[in-house]
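See below for model_7.cif, which holds mmCIF, C-alpha atoms (C1' of nucleotides).
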```cif
data_data
#
loop_
_atom_site.label_atom_id
_atom_site.label_comp_id
_atom_site.auth_asym_id
_atom_site.auth_seq_id
_atom_site.Cartn_x
_atom_site.Cartn_y
_atom_site.Cartn_z
CA MET I 1 205.78 101.23 117.87
CA VAL I 2 208.27 98.55 118.66
CA ARG I 3 206.84 95.60 120.44
CA TRP I 4 210.07 94.43 122.00
CA GLU I 5 213.04 96.64 122.60
CA PRO I 6 216.54 95.19 122.47
CA GLY I 7 218.65 94.39 125.47
CA THR I 8 215.88 92.61 127.29
CA ALA I 9 218.22 90.48 129.37
CA GLU I 10 220.21 93.53 130.46
CA ARG I 11 217.09 95.45 131.46
CA LEU I 12 215.91 92.48 133.46
CA GLN I 13 219.28 92.29 135.16
CA ARG I 14 219.23 95.92 136.15
CA ALA I 15 215.68 95.75 137.44
CA ALA I 16 216.43 92.58 139.36
CA LEU I 17 219.51 94.02 141.05
CA GLU I 18 217.61 97.10 142.10
CA LEU I 19 214.69 95.13 143.50
CA PHE I 20 216.98 92.65 145.25
CA ALA I 21 218.96 95.50 146.79
CA THR I 22 215.89 97.22 148.16
CA ARG I 23 213.37 94.49 149.00
CA GLY I 24 215.72 91.57 149.30
CA TYR I 25 216.19 88.55 147.08
CA GLU I 26 213.60 86.22 148.51
CA GLN I 27 211.03 88.97 148.85
CA THR I 28 211.23 89.61 145.13
CA THR I 29 209.43 87.26 142.77
CA ALA I 30 210.48 86.58 139.22
CA ALA I 31 207.12 87.91 138.10
CA GLU I 32 207.78 91.24 139.81
CA ILE I 33 211.13 91.62 138.09
CA ALA I 34 209.53 90.92 134.74
CA GLN I 35 206.69 93.29 135.46
CA ALA I 36 209.17 96.03 136.36
CA VAL I 37 210.34 96.06 132.76
CA GLY I 38 206.95 95.39 131.23
CA LEU I 39 207.34 91.67 130.63
CA THR I 40 205.87 88.49 132.02
CA GLU I 41 207.35 85.86 134.28
CA ARG I 42 207.41 83.40 131.40
CA THR I 43 209.69 85.68 129.44
CA PHE I 44 211.98 86.13 132.42
CA PHE I 45 212.60 82.39 132.44
CA ARG I 46 213.27 82.38 128.74
CA HIS I 47 216.23 84.69 129.33
CA PHE I 48 217.51 83.13 132.54
CA SER I 49 217.47 79.46 133.33
CA ASP I 50 216.62 80.27 136.93
CA LYS I 51 215.96 83.17 139.21
CA ARG I 52 219.52 83.32 140.52
CA GLU I 53 221.07 83.42 137.09
CA VAL I 54 219.84 86.95 136.58
CA LEU I 55 222.70 87.97 138.88
CA PHE I 56 225.34 85.79 137.27
CA HIS I 57 224.69 86.19 133.59
CA GLY I 58 227.78 87.29 131.75
CA GLN I 59 230.32 85.27 133.68
CA GLU I 60 231.27 83.44 130.50
CA LEU I 61 233.20 86.60 129.66
CA LEU I 62 235.21 86.30 132.84
CA VAL I 63 235.95 82.68 132.06
CA GLN I 64 237.09 83.72 128.63
CA ALA I 65 239.40 86.31 130.17
CA PHE I 66 241.00 83.58 132.24
CA LEU I 67 241.41 81.38 129.19
CA ASP I 68 242.95 84.24 127.24
CA GLY I 69 245.40 84.71 130.05
CA VAL I 70 246.28 81.04 129.95
CA ALA I 71 246.84 81.24 126.22
CA ALA I 72 249.03 84.30 126.66
CA ALA I 73 251.50 82.53 128.93
CA ARG I 74 254.84 81.40 127.57
CA ALA I 75 254.91 77.81 126.41
CA ASP I 76 257.48 76.81 129.02
CA ALA I 77 255.71 78.48 131.92
CA SER I 78 255.07 76.41 135.03
CA PRO I 79 251.44 75.78 136.04
CA LEU I 80 251.27 78.56 138.58
CA GLU I 81 253.00 80.95 136.21
CA VAL I 82 250.25 80.26 133.71
CA VAL I 83 247.73 80.90 136.44
CA ALA I 84 249.43 84.17 137.26
CA SER I 85 249.02 85.17 133.64
CA ALA I 86 245.35 84.18 133.76
CA LEU I 87 244.86 86.29 136.86
CA ARG I 88 246.35 89.34 135.19
CA SER I 89 244.03 88.89 132.27
CA ALA I 90 241.00 88.35 134.47
CA ALA I 91 241.79 91.38 136.59
CA SER I 92 241.37 93.63 133.58
CA PHE I 93 237.74 92.62 133.53
CA PHE I 94 237.15 94.58 136.70
CA PRO I 95 238.32 98.13 136.15
CA ASP I 96 237.87 100.34 139.19
CA GLU I 97 234.81 102.05 137.71
CA ARG I 98 232.98 98.83 138.09
CA ARG I 99 233.50 98.72 141.83
CA PRO I 100 230.27 100.46 142.91
CA HIS I 101 228.14 98.14 140.85
CA SER I 102 230.06 95.10 142.07
CA ARG I 103 229.59 96.23 145.63
CA THR I 104 225.84 96.42 145.54
CA ARG I 105 225.70 93.14 143.68
CA GLN I 106 227.93 91.48 146.22
CA SER I 107 225.93 92.83 149.13
CA VAL I 108 222.86 91.14 147.69
CA ILE I 109 224.74 87.87 147.35
CA ASP I 110 226.21 88.08 150.82
CA ARG I 111 222.74 88.33 152.31
CA ASN I 112 221.45 85.15 150.69
CA PRO I 113 222.82 81.62 151.08
CA ALA I 114 221.29 80.37 147.85
CA LEU I 115 223.12 83.09 145.95
CA GLN I 116 226.38 82.34 147.73
CA GLU I 117 225.94 78.77 146.68
CA ARG I 118 225.63 79.80 143.06
CA GLU I 119 228.62 82.06 143.38
CA HIS I 120 230.82 79.31 144.78
CA HIS I 121 229.61 77.01 142.07
CA LYS I 122 230.55 79.50 139.38
CA LEU I 123 234.02 79.89 140.84
CA THR I 124 234.50 76.14 140.95
CA THR I 125 233.25 75.79 137.41
CA LEU I 126 235.71 78.46 136.40
CA ALA I 127 238.49 76.50 138.05
CA THR I 128 237.43 73.34 136.26
CA THR I 129 237.51 75.11 132.91
CA VAL I 130 240.92 76.58 133.56
CA ALA I 131 242.17 73.19 134.68
CA GLY I 132 241.05 71.82 131.34
CA ALA I 133 243.04 74.50 129.55
CA LEU I 134 246.09 73.66 131.63
CA ARG I 135 245.79 69.99 130.82
CA ALA I 136 245.58 70.93 127.18
CA ARG I 137 249.02 72.48 127.64
CA GLY I 138 250.36 69.14 128.77
CA ILE I 139 250.13 69.64 132.50
CA ASP I 140 249.10 66.51 134.35
CA GLU I 141 245.68 66.30 135.91
CA VAL I 142 246.47 66.74 139.57
CA ALA I 143 248.82 69.65 138.98
CA ALA I 144 246.38 71.28 136.60
CA THR I 145 243.50 70.98 139.03
CA LEU I 146 245.57 72.23 141.94
CA ALA I 147 246.91 75.18 140.02
CA ALA I 148 243.53 76.15 138.60
CA GLU I 149 241.74 75.80 141.90
CA SER I 150 244.46 77.82 143.61
CA GLY I 151 244.01 80.47 140.99
CA ALA I 152 240.30 80.61 141.67
CA THR I 153 240.97 80.88 145.40
CA VAL I 154 243.44 83.69 144.88
CA PHE I 155 241.01 85.44 142.59
CA GLY I 156 238.22 85.11 145.13
CA ILE I 157 240.26 86.55 147.96
CA ALA I 158 241.65 89.34 145.82
CA PHE I 159 238.19 90.20 144.56
CA THR I 160 236.82 90.46 148.09
CA ARG I 161 239.62 92.81 149.00
CA TRP I 162 239.11 94.79 145.80
CA LEU I 163 235.56 95.48 146.89
CA ARG I 164 236.78 96.93 150.16
CA GLU I 165 240.06 98.60 149.35
CA GLU I 166 240.62 101.12 146.61
CA ARG I 167 243.37 99.20 144.90
CA SER I 168 243.51 97.57 141.51
CA LEU I 169 242.45 93.97 141.27
CA ALA I 170 245.61 93.11 139.37
CA ASP I 171 247.80 94.34 142.21
CA LEU I 172 245.74 92.56 144.82
CA ALA I 173 245.75 89.30 142.91
CA ALA I 174 249.51 89.42 142.48
CA GLU I 175 249.90 90.13 146.15
CA VAL I 176 247.65 87.29 147.25
CA LEU I 177 249.33 84.86 144.90
CA ASP I 178 252.66 85.90 146.31
CA GLU I 179 251.39 85.24 149.79
CA LEU I 180 250.32 81.76 148.74
CA LEU I 181 253.83 81.08 147.51
CA THR I 182 255.22 82.29 150.80
CA LEU I 183 252.91 80.03 152.75
CA ALA I 184 253.95 77.07 150.67
CA GLU I 185 257.61 77.90 150.98
CA THR I 186 257.40 78.11 154.75
CA ALA I 187 255.43 74.89 154.98
CA GLY I 188 257.75 73.18 152.55
CA GLN I 189 260.70 73.73 154.84
CA ALA I 190 258.81 72.17 157.74
CA LEU I 191 256.89 69.40 156.01
CA ARG I 192 259.67 68.01 153.88
CA PRO I 193 262.97 68.98 155.42
CA THR I 194 264.86 66.25 153.59
CA ARG I 195 264.73 67.92 150.22
CA MET D 1 203.05 49.43 168.53
CA VAL D 2 205.50 52.23 168.18
CA ARG D 3 204.26 55.19 166.29
CA TRP D 4 207.66 56.54 165.30
CA GLU D 5 210.78 54.49 165.23
CA PRO D 6 214.12 56.12 165.97
CA GLY D 7 216.61 57.14 163.35
CA THR D 8 214.07 58.73 161.09
CA ALA D 9 216.60 60.99 159.41
CA GLU D 10 218.91 58.07 158.72
CA ARG D 11 216.14 55.98 157.23
CA LEU D 12 215.13 58.86 155.02
CA GLN D 13 218.72 59.26 153.90
CA ARG D 14 219.05 55.60 152.97
CA ALA D 15 215.76 55.58 151.10
CA ALA D 16 216.65 58.79 149.30
CA LEU D 17 220.03 57.54 148.17
CA GLU D 18 218.52 54.34 146.86
CA LEU D 19 215.78 56.14 144.97
CA PHE D 20 218.17 58.74 143.59
CA ALA D 21 220.55 56.02 142.45
CA THR D 22 217.86 54.10 140.62
CA ARG D 23 215.36 56.66 139.32
CA GLY D 24 217.55 59.73 139.37
CA TYR D 25 217.46 62.78 141.60
CA GLU D 26 214.98 64.93 139.73
CA GLN D 27 212.70 62.03 139.01
CA THR D 28 212.31 61.41 142.72
CA THR D 29 209.99 63.64 144.69
CA ALA D 30 210.38 64.41 148.36
CA ALA D 31 206.96 62.89 148.94
CA GLU D 32 208.12 59.62 147.41
CA ILE D 33 211.14 59.43 149.66
CA ALA D 34 208.96 60.05 152.68
CA GLN D 35 206.43 57.51 151.54
CA ALA D 36 209.17 54.93 151.10
CA VAL D 37 209.73 54.98 154.85
CA GLY D 38 206.08 55.45 155.78
CA LEU D 39 206.14 59.19 156.39
CA THR D 40 204.74 62.29 154.75
CA GLU D 41 206.43 64.99 152.71
CA ARG D 42 205.94 67.48 155.51
CA THR D 43 207.96 65.32 157.86
CA PHE D 44 210.72 64.98 155.32
CA PHE D 45 211.12 68.75 155.32
CA ARG D 46 211.18 68.82 159.09
CA HIS D 47 214.30 66.68 159.03
CA PHE D 48 216.00 68.31 156.06
CA SER D 49 215.85 71.96 155.24
CA ASP D 50 215.78 71.10 151.58
CA LYS D 51 215.59 68.14 149.26
CA ARG D 52 219.32 68.20 148.56
CA GLU D 53 220.27 68.21 152.20
CA VAL D 54 219.19 64.59 152.54
CA LEU D 55 222.45 63.75 150.77
CA PHE D 56 224.64 66.09 152.79
CA HIS D 57 223.39 65.63 156.30
CA GLY D 58 226.20 64.69 158.66
CA GLN D 59 228.87 66.92 157.19
CA GLU D 60 229.15 68.78 160.48
CA LEU D 61 231.09 65.74 161.66
CA LEU D 62 233.60 66.17 158.86
CA VAL D 63 233.95 69.83 159.73
CA GLN D 64 234.55 68.84 163.32
CA ALA D 65 237.25 66.40 162.23
CA PHE D 66 239.02 69.25 160.44
CA LEU D 67 238.74 71.45 163.51
CA ASP D 68 240.09 68.68 165.72
CA GLY D 69 243.03 68.36 163.38
CA VAL D 70 243.63 72.10 163.60
CA ALA D 71 243.57 71.91 167.38
CA ALA D 72 245.97 69.00 167.35
CA ALA D 73 248.66 70.94 165.53
CA ARG D 74 251.64 72.27 167.44
CA ALA D 75 251.29 75.86 168.58
CA ASP D 76 254.19 77.02 166.44
CA ALA D 77 253.08 75.25 163.30
CA SER D 78 252.85 77.29 160.11
CA PRO D 79 249.42 77.70 158.47
CA LEU D 80 249.88 74.92 155.95
CA GLU D 81 251.32 72.62 158.61
CA VAL D 82 248.14 73.14 160.58
CA VAL D 83 246.17 72.34 157.46
CA ALA D 84 248.21 69.18 156.98
CA SER D 85 247.21 68.16 160.47
CA ALA D 86 243.59 68.92 159.72
CA LEU D 87 243.77 66.80 156.58
CA ARG D 88 245.15 63.83 158.51
CA SER D 89 242.32 64.13 160.99
CA ALA D 90 239.67 64.49 158.28
CA ALA D 91 241.02 61.52 156.36
CA SER D 92 240.22 59.24 159.27
CA PHE D 93 236.58 60.02 158.66
CA PHE D 94 236.67 58.04 155.46
CA PRO D 95 237.96 54.57 156.23
CA ASP D 96 238.17 52.35 153.17
CA GLU D 97 235.02 50.42 154.14
CA ARG D 98 233.09 53.54 153.39
CA ARG D 99 234.24 53.69 149.81
CA PRO D 100 231.35 51.76 148.21
CA HIS D 101 228.77 53.94 149.86
CA SER D 102 230.67 57.09 148.97
CA ARG D 103 230.90 55.94 145.39
CA THR D 104 227.18 55.51 144.85
CA ARG D 105 226.52 58.79 146.62
CA GLN D 106 229.06 60.57 144.46
CA SER D 107 227.66 59.09 141.28
CA VAL D 108 224.29 60.60 142.16
CA ILE D 109 225.87 63.98 142.79
CA ASP D 110 227.92 63.85 139.61
CA ARG D 111 224.78 63.38 137.56
CA ASN D 112 223.03 66.50 138.90
CA PRO D 113 224.25 70.10 138.71
CA ALA D 114 222.12 71.25 141.63
CA LEU D 115 223.76 68.66 143.83
CA GLN D 116 227.22 69.61 142.64
CA GLU D 117 226.40 73.14 143.56
CA ARG D 118 225.52 72.10 147.07
CA GLU D 119 228.68 70.02 147.31
CA HIS D 120 230.91 72.91 146.28
CA HIS D 121 229.10 75.11 148.72
CA LYS D 122 229.72 72.69 151.55
CA LEU D 123 233.42 72.53 150.71
CA THR D 124 233.67 76.29 150.67
CA THR D 125 231.80 76.55 153.94
CA LEU D 126 234.21 74.03 155.38
CA ALA D 127 237.11 76.17 154.23
CA THR D 128 235.57 79.25 155.79
CA THR D 129 235.15 77.48 159.11
CA VAL D 130 238.72 76.21 159.07
CA ALA D 131 239.93 79.69 158.17
CA GLY D 132 238.17 80.97 161.27
CA ALA D 133 239.98 78.42 163.40
CA LEU D 134 243.28 79.45 161.86
CA ARG D 135 242.61 83.11 162.58
CA ALA D 136 241.83 82.13 166.16
CA ARG D 137 245.38 80.79 166.31
CA GLY D 138 246.69 84.22 165.40
CA ILE D 139 247.15 83.72 161.69
CA ASP D 140 246.26 86.78 159.66
CA GLU D 141 243.15 86.78 157.54
CA VAL D 142 244.59 86.42 154.07
CA ALA D 143 246.99 83.66 155.08
CA ALA D 144 244.26 81.87 157.01
CA THR D 145 241.84 81.99 154.10
CA LEU D 146 244.46 80.90 151.61
CA ALA D 147 245.63 78.02 153.75
CA ALA D 148 242.13 76.84 154.56
CA GLU D 149 240.93 77.09 151.00
CA SER D 150 244.01 75.25 149.79
CA GLY D 151 243.28 72.57 152.33
CA ALA D 152 239.76 72.20 151.01
CA THR D 153 241.07 71.99 147.46
CA VAL D 154 243.59 69.33 148.40
CA PHE D 155 240.91 67.42 150.25
CA GLY D 156 238.58 67.59 147.28
CA ILE D 157 241.17 66.30 144.84
CA ALA D 158 242.34 63.58 147.22
CA PHE D 159 238.76 62.52 147.86
CA THR D 160 238.05 62.19 144.15
CA ARG D 161 241.11 60.00 143.74
CA TRP D 162 240.17 58.00 146.83
CA LEU D 163 236.90 57.09 145.15
CA ARG D 164 238.76 55.73 142.14
CA GLU D 165 241.96 54.24 143.52
CA GLU D 166 242.20 51.76 146.35
CA ARG D 167 244.50 53.84 148.49
CA SER D 168 243.94 55.47 151.84
CA LEU D 169 242.64 59.00 151.87
CA ALA D 170 245.36 60.05 154.29
CA ASP D 171 248.08 58.97 151.86
CA LEU D 172 246.40 60.63 148.94
CA ALA D 173 245.86 63.89 150.80
CA ALA D 174 249.49 63.98 151.88
CA GLU D 175 250.57 63.32 148.32
CA VAL D 176 248.35 66.01 146.83
CA LEU D 177 249.44 68.54 149.42
CA ASP D 178 253.03 67.72 148.63
CA GLU D 179 252.34 68.32 144.98
CA LEU D 180 250.89 71.72 145.79
CA LEU D 181 254.08 72.61 147.62
CA THR D 182 256.10 71.50 144.64
CA LEU D 183 254.03 73.61 142.29
CA ALA D 184 254.51 76.63 144.51
CA GLU D 185 258.20 76.03 144.84
CA THR D 186 258.66 75.84 141.10
CA ALA D 187 256.57 78.93 140.52
CA GLY D 188 258.32 80.78 143.32
CA GLN D 189 261.63 80.42 141.55
CA ALA D 190 260.19 81.90 138.39
CA LEU D 191 257.85 84.53 139.75
CA ARG D 192 260.12 86.08 142.31
CA PRO D 193 263.71 85.34 141.41
CA THR D 194 265.05 88.20 143.49
CA ARG D 195 264.45 86.61 146.85
"C1'" DC U 1 197.26 55.70 188.08
"C1'" DG U 2 195.86 59.79 185.86
"C1'" DC U 3 197.36 64.46 184.28
"C1'" DC U 4 200.42 67.47 181.75
"C1'" DT U 5 204.05 68.63 178.87
"C1'" DT U 6 206.89 67.59 175.20
"C1'" DT U 7 207.97 65.91 170.76
"C1'" DA U 8 207.32 63.78 166.27
"C1'" DT U 9 204.01 63.44 163.03
"C1'" DG U 10 199.74 64.28 160.00
"C1'" DT U 11 196.71 67.39 157.34
"C1'" DC U 12 195.73 71.19 154.58
"C1'" DA U 13 196.05 75.42 152.23
"C1'" DG U 14 198.87 78.13 149.57
"C1'" DC U 15 202.99 80.71 147.45
"C1'" DC U 16 206.53 80.50 144.29
"C1'" DG U 17 209.92 78.58 141.01
"C1'" DC U 18 209.82 76.59 136.80
"C1'" DT U 19 208.07 74.08 132.42
"C1'" DG U 20 205.32 72.59 128.38
"C1'" DC U 21 202.13 73.89 125.04
"C1'" DC U 22 199.90 76.81 122.01
"C1'" DA U 23 198.55 81.40 120.41
"C1'" DT U 24 199.90 86.00 118.95
"C1'" DC U 25 202.10 89.61 116.83
"C1'" DA U 26 205.91 92.26 114.83
"C1'" DC U 27 209.41 91.98 111.50
"C1'" DT U 28 211.73 90.06 107.28
"C1'" DA U 29 212.71 87.60 103.13
"C1'" DG U 30 211.03 86.38 98.83
"C1'" DC V 1 201.30 89.90 99.45
"C1'" DT V 2 202.65 85.82 101.76
"C1'" DA V 3 205.16 82.64 104.31
"C1'" DG V 4 208.40 82.19 107.77
"C1'" DT V 5 211.00 83.55 111.96
"C1'" DG V 6 211.60 85.02 116.60
"C1'" DA V 7 210.28 87.14 120.88
"C1'" DT V 8 206.52 87.29 123.72
"C1'" DG V 9 201.88 86.31 126.23
"C1'" DG V 10 198.65 83.22 128.44
"C1'" DC V 11 197.60 79.28 130.86
"C1'" DA V 12 197.65 75.00 133.14
"C1'" DG V 13 200.15 72.23 136.17
"C1'" DC V 14 203.93 69.96 138.94
"C1'" DG V 15 207.03 69.99 142.68
"C1'" DG V 16 209.62 72.31 146.44
"C1'" DC V 17 208.74 74.38 150.56
"C1'" DT V 18 206.18 76.83 154.56
"C1'" DG V 19 202.82 78.18 158.14
"C1'" DA V 20 199.14 76.96 161.08
"C1'" DC V 21 196.63 73.76 163.51
"C1'" DA V 22 195.43 69.12 165.05
"C1'" DT V 23 196.77 64.64 166.95
"C1'" DA V 24 198.94 61.06 169.19
"C1'" DA V 25 202.80 58.78 171.48
"C1'" DA V 26 206.39 59.19 175.20
"C1'" DG V 27 207.92 60.79 179.53
"C1'" DG V 28 207.63 63.15 184.03
"C1'" DC V 29 205.25 63.94 188.25
"C1'" DG V 30 202.06 64.13 191.95
#
```
How does this structure look as structure tokens?
Amino acid sequence: MVRWEPGTAERLQRAALELFATRGYEQTTAAEIAQAVGLTERTFFRHFSDKREVLFHGQELLVQAFLDGVAAARADASPLEVVASALRSAASFFPDERRPHSRTRQSVIDRNPALQEREHHKLTTLATTVAGALRARGIDEVAATLAAESGATVFGIAFTRWLREERSLADLAAEVLDELLTLAETAGQALRPTR
Amino acid sequence: MVRWEPGTAERLQRAALELFATRGYEQTTAAEIAQAVGLTERTFFRHFSDKREVLFHGQELLVQAFLDGVAAARADASPLEVVASALRSAASFFPDERRPHSRTRQSVIDRNPALQEREHHKLTTLATTVAGALRARGIDEVAATLAAESGATVFGIAFTRWLREERSLADLAAEVLDELLTLAETAGQALRPTR
DNA sequence: CGCCTTTATGTCAGCCGCTGCCATCACTAG
DNA sequence: CTAGTGATGGCAGCGGCTGACATAAAGGCG
């Protein structure tokens, strides 16, 4: 008889999501999640640095997708073109089959401020990482930060729409990015008419 | 003899900042902060919903400054023009005299991930509120969210530079916003050459 | 002036998130 | 067969945070 089966973190994640979705996040203790898969609270915290992380584990892969997209951009691409490439790459991490799962997960997050906080933090961290990659391409700090943060914003908006509408994330992200460019173009004509 | 002096929350905030700056955030307990001003832990949590909030209390005023700036914009202003107005209004909330205080506060935040999380969350919340005000002006949801979130990003970058350089926040914000427009313009030429 | 209501605080018990420390037990290499 | 490795259990304990109840100061009002 095996004492510990593999994939412990994944089983904990599944159990946690289910409990959070039914009882609610705050009404579920870490010990209960652990118990649901036959483990103890102590073990739970060995796999996840805190209770919220059980919902966010695996985001390093998304970050990597962004970085791959950055690396895939042509060497002479402008900052936002690089970001567009990153968005295309990231979008492939959310095929439509994943939508149902993402929806229940998001509904849990939307009902709890502490989880929203973590989510925003992850997005900002993502932006910071991407900004680093842009700087490594020779883009100056302000431009890199702006472009990366804009990319994260676009991704966030597109992702929210992806949860609601039955369209591909790649299409939505491209559309939202395009809208950002339009906004800037319009404002540019008004805010700096001399150029 | 007065049993409770006025300005309790403010005194707690000052004591907290001082303790955080010297001992560090995690090494300071809520009870210690309370004790430093002659109160109990329980009272601390009556004034602040959480330990972190002691560093973020008062941000409603900044939000209000943004909203005032939105209201001050001309009725026919484009989304990003409205945001530019909001940024000018918000910048006045950080006169240069406030820089030293903001610096020590920021150094505390920069040393603690949990505080950074809260800070990001507050910025995102700010963006959400501004987006609501933009929608109330008739701007559609995606454009409102994009513009507001971009405004928050610009503010964040400008604020970081304001802490380092001895320039006014208003100037820095205008400069960063201008750079965003430039980035978009450049990308627009590449990403949609047909228009 | 005395009474009553309101408001800020104190006290206490207790849950839960999270950590350090040490023991245990399966599996593996040698 | 033995020593070592890695995942887990058990336990004690701190700190964040809350609910319930008591208390005392401040203010209004007859």
(Q) Which residues are close to region 15-22 of chain I, i.e. within 6 Å by only C-alpha atoms (C1' of nucleotides), leaving aside same-chain residues fewer than 2 positions away? Reply as a ChimeraX atom specification. (A) /I:12-13,24-25,33,108
Q: Find, counting only C-alpha atoms, the residue in D:Pro100, D:Gly132, D:Val82, D:Arg164 that gets nearest to chain I.
A: D:Val82
Q) Got a sec to resolve the PyMOL selection byres ((chain D and resi 102) around 12) on this structure and send the residues as number ranges by chain? A) D: 17, 55-56, 93-101, 103-110, 159-160, 162-164
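With all atoms listed in the file as the atoms that count, the minimum distance from chain U to the choices D:Arg46, D:Arg135, D:Arg167, D:Arg23 is reached by D:Arg46.
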For the structure shown, which residues end up in the PyMOL selection byres ((chain U) within 10 of (chain D))? Put them as a PDB file with C-alpha atoms (C1' of nucleotides), in the coordinates of the input, please?
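The new file expr_14.pdb reads:
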```
ATOM      1  C1'  DA U   8     207.320  63.780 166.270  1.00  0.00           C
ATOM      2  C1'  DT U   9     204.010  63.440 163.030  1.00  0.00           C
ATOM      3  C1'  DG U  10     199.740  64.280 160.000  1.00  0.00           C
ATOM      4  C1'  DT U  11     196.710  67.390 157.340  1.00  0.00           C
TER       5       DT U  11
END
```
Q) Do you know which residues are at most 12 Å from DC11 (chain V) counting only C-alpha atoms (C1' of nucleotides), after dropping those on the same chain fewer than 2 positions away, and could you put them as a PyMOL selection string? A) (chain I and resi 42) or (chain U and resi 19-23) or (chain V and resi 9+13)
Q. If the PyMOL selection byres ((chain D) within 8 of (chain I)) is run on the structure shown, which residues does it catch, given as a PyMOL selection string?
A. chain D and resi 78-81+116-118+120-121+124+142-143+145-147+149-150+153-154+157+176+179-181+183-188+190-191
Q: Please check which residues have atoms at most 9 Å from (195.8, 76.6, 153.9) in the file's coordinates, counting only C-alpha atoms (C1' of nucleotides), and write them as an MDAnalysis selection string.
A: (chainID U and resid 12:14) or (chainID V and resid 19:20)
Contact check, chain V to chain D, at most 12 Å, counting only C-alpha atoms (C1' of nucleotides), closest pairs as a tab-separated table:
```
residue	atom	partner	partner_atom	distance
V:DC14	C1'	D:Thr29	CA	10.5
V:DG15	C1'	D:Thr29	CA	7.3
V:DG16	C1'	D:Lys51	CA	7.8
V:DC17	C1'	D:Phe45	CA	7.7
V:DT18	C1'	D:Arg42	CA	9.4
V:DG19	C1'	D:Arg42	CA	11.5
V:DA24	C1'	D:Arg3	CA	8.4
V:DA25	C1'	D:Arg3	CA	6.5
V:DA26	C1'	D:Val2	CA	9.9
```
Region 63-75 of chain D rebuilt with N, CA and C atoms, output as a PDB file, in the frame of the given file:
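To be explicit, this is the file written out as part_32.pdb:
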```
ATOM      1  N   VAL D  63     233.432  68.522 159.325  1.00  0.00           N
ATOM      2  CA  VAL D  63     233.950  69.830 159.730  1.00  0.00           C
ATOM      3  C   VAL D  63     234.641  69.709 161.090  1.00  0.00           C
ATOM      4  N   GLN D  64     233.980  68.995 161.990  1.00  0.00           N
ATOM      5  CA  GLN D  64     234.550  68.840 163.320  1.00  0.00           C
ATOM      6  C   GLN D  64     235.892  68.105 163.267  1.00  0.00           C
ATOM      7  N   ALA D  65     235.989  67.128 162.376  1.00  0.00           N
ATOM      8  CA  ALA D  65     237.250  66.400 162.230  1.00  0.00           C
ATOM      9  C   ALA D  65     238.362  67.365 161.786  1.00  0.00           C
ATOM     10  N   PHE D  66     238.037  68.236 160.865  1.00  0.00           N
ATOM     11  CA  PHE D  66     239.020  69.250 160.440  1.00  0.00           C
ATOM     12  C   PHE D  66     239.437  70.109 161.627  1.00  0.00           C
ATOM     13  N   LEU D  67     238.438  70.564 162.378  1.00  0.00           N
ATOM     14  CA  LEU D  67     238.740  71.450 163.510  1.00  0.00           C
ATOM     15  C   LEU D  67     239.592  70.728 164.557  1.00  0.00           C
ATOM     16  N   ASP D  68     239.290  69.453 164.781  1.00  0.00           N
ATOM     17  CA  ASP D  68     240.090  68.680 165.720  1.00  0.00           C
ATOM     18  C   ASP D  68     241.541  68.609 165.245  1.00  0.00           C
ATOM     19  N   GLY D  69     241.690  68.421 163.949  1.00  0.00           N
ATOM     20  CA  GLY D  69     243.030  68.360 163.380  1.00  0.00           C
ATOM     21  C   GLY D  69     243.766  69.691 163.537  1.00  0.00           C
ATOM     22  N   VAL D  70     243.029  70.769 163.394  1.00  0.00           N
ATOM     23  CA  VAL D  70     243.630  72.100 163.600  1.00  0.00           C
ATOM     24  C   VAL D  70     244.098  72.230 165.038  1.00  0.00           C
ATOM     25  N   ALA D  71     243.244  71.802 165.956  1.00  0.00           N
ATOM     26  CA  ALA D  71     243.570  71.910 167.380  1.00  0.00           C
ATOM     27  C   ALA D  71     244.751  71.027 167.764  1.00  0.00           C
ATOM     28  N   ALA D  72     244.901  69.937 167.016  1.00  0.00           N
ATOM     29  CA  ALA D  72     245.970  69.000 167.350  1.00  0.00           C
ATOM     30  C   ALA D  72     247.348  69.462 166.895  1.00  0.00           C
ATOM     31  N   ALA D  73     247.377  70.487 166.058  1.00  0.00           N
ATOM     32  CA  ALA D  73     248.660  70.940 165.530  1.00  0.00           C
ATOM     33  C   ALA D  73     249.477  71.666 166.604  1.00  0.00           C
ATOM     34  N   ARG D  74     250.763  71.569 166.485  1.00  0.00           N
ATOM     35  CA  ARG D  74     251.640  72.270 167.440  1.00  0.00           C
ATOM     36  C   ARG D  74     251.388  73.773 167.372  1.00  0.00           C
ATOM     37  N   ALA D  75     251.597  74.423 168.496  1.00  0.00           N
ATOM     38  CA  ALA D  75     251.290  75.860 168.580  1.00  0.00           C
ATOM     39  C   ALA D  75     252.121  76.693 167.609  1.00  0.00           C
TER      40      ALA D  75
END
```
